[in-house]
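Below: one structure, written as structure tokens.
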Amino acid sequence: MTRRRATPAEQRARRGAVDDPATVLDAAARSLEARSRSTEELRRRLGAAGYRTDLVEDAIARLTTLGYLDDEAFARAWVESRDRAHPRGERALRAELRRKGVAAEVVAAIIEDRASPGPGGSGEAGAGAGPDDVAAARLLERRGASVMRDPDRRKRRAKAYALLARSGFDPEVCARVAAAWLAEETANLDE
């Protein structure tokens, strides 16, 4: 005889009946094993799984005390990862962190650190170039080949601008970086 698998509703009901804080703490730890999460993300995830709110809050408090749950460290790592792997503009980074439940003051501090040169900030930018300029240029270096396929110079500029705008860069950054990148790419083609 085959055993019937519990439906998601039955699983949530079973988790709602849990009285052992260690069970919820284990579930929270397993969730953090996959990837780091913000406090609010973990709260939503455990709540959606069906665990009682008081046990969820106890687990979050315990993980915070142990140092496994830290919104500032999470936000800093998120921004660094984005800048390295999938560059985004400041506006997009703020929106992503807001969706993840990171407090506005934490987001503001992380974005401010990103903009300041030195050990905490990006420090990569040249004179007058901010972290968004560096990230936008990096994005165009990675994804600009499709932009350069178009023979029309105006269309290339529009495509470069659109690529940056879709990635959350401000209009001024889009225009400035797209123009500089296209000038450099065109000069490289002429050589």
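Each chain in the structure tokens gets a letter, A, B, ..., in the order shown, and its residues are numbered from 1; ligands are numbered from 1 in order too.
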Which residues are close to range 134-142 of chain A, i.e. within 8 Å by only C-alpha atoms, leaving aside same-chain residues fewer than 3 positions away? Reply as an MDAnalysis selection string. chainID A and resid 83 86:89 124:125 129:131 145 160 164 169 173:174 177:178 181
Residues near Asp70 in chain A, cut-off 9 Å, only C-alpha atoms, skip fewer than 3 positions along chain, as a list of chain:residue names: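 Near Asp70 in chain A, the qualifying residues are A:Arg37, A:Ser38, A:Thr39, A:Leu63, A:Thr64, A:Gly67, A:Ala73, A:Phe74, A:Ala75.
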Backbone DSSP call of alpha helix (DSSP H) for range 120-167 of chain A, listed as a ChimeraX atom specification: /A:131-143,145-148,153-166
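Taking only C-alpha atoms into account, Arg43 in chain A lies nearest to A:Gly101 out of the set A:Ala187, A:Arg114, A:Gly101, A:Glu80.
The shortest atom-to-atom distance to Asp170 in chain A, with only C-alpha atoms taken into account, belongs to A:Asp133 out of A:Asp133, A:Asp19, A:Glu40, A:Asp152.
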Top pick for closest residue to Pro8 in chain A, considering A:Ser36, A:Glu41, A:Ala48, A:Thr23 and counting only C-alpha atoms: A:Ala48
What's the separation between CA of Tyr51 in chain A and CA of Arg12 in chain A, in Å to one decimal place? 7.4 Å
Calculate how many Å separate CA of Gly50 in chain A from CA of Val18 in chain A, rounding to one decimal. 9.4 Å
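With only C-alpha atoms as the atoms that count, the residue of A:Asp132, A:Tyr68, A:Ser146, A:Leu42 with the shortest distance to Val102 in chain A is A:Leu42.
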Record the distance separating CA of Arg52 in chain A and CA of Gly16 in chain A, expressed in Å with one decimal.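 Interatomic distance, CA of Arg52 in chain A to CA of Gly16 in chain A: 5.6 Å.
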Kindly indicate which residue among A:Arg30, A:Arg35, A:Arg14, A:Arg94 lies nearest to Ala49 in chain A, using only C-alpha atoms for the distances. A:Arg14
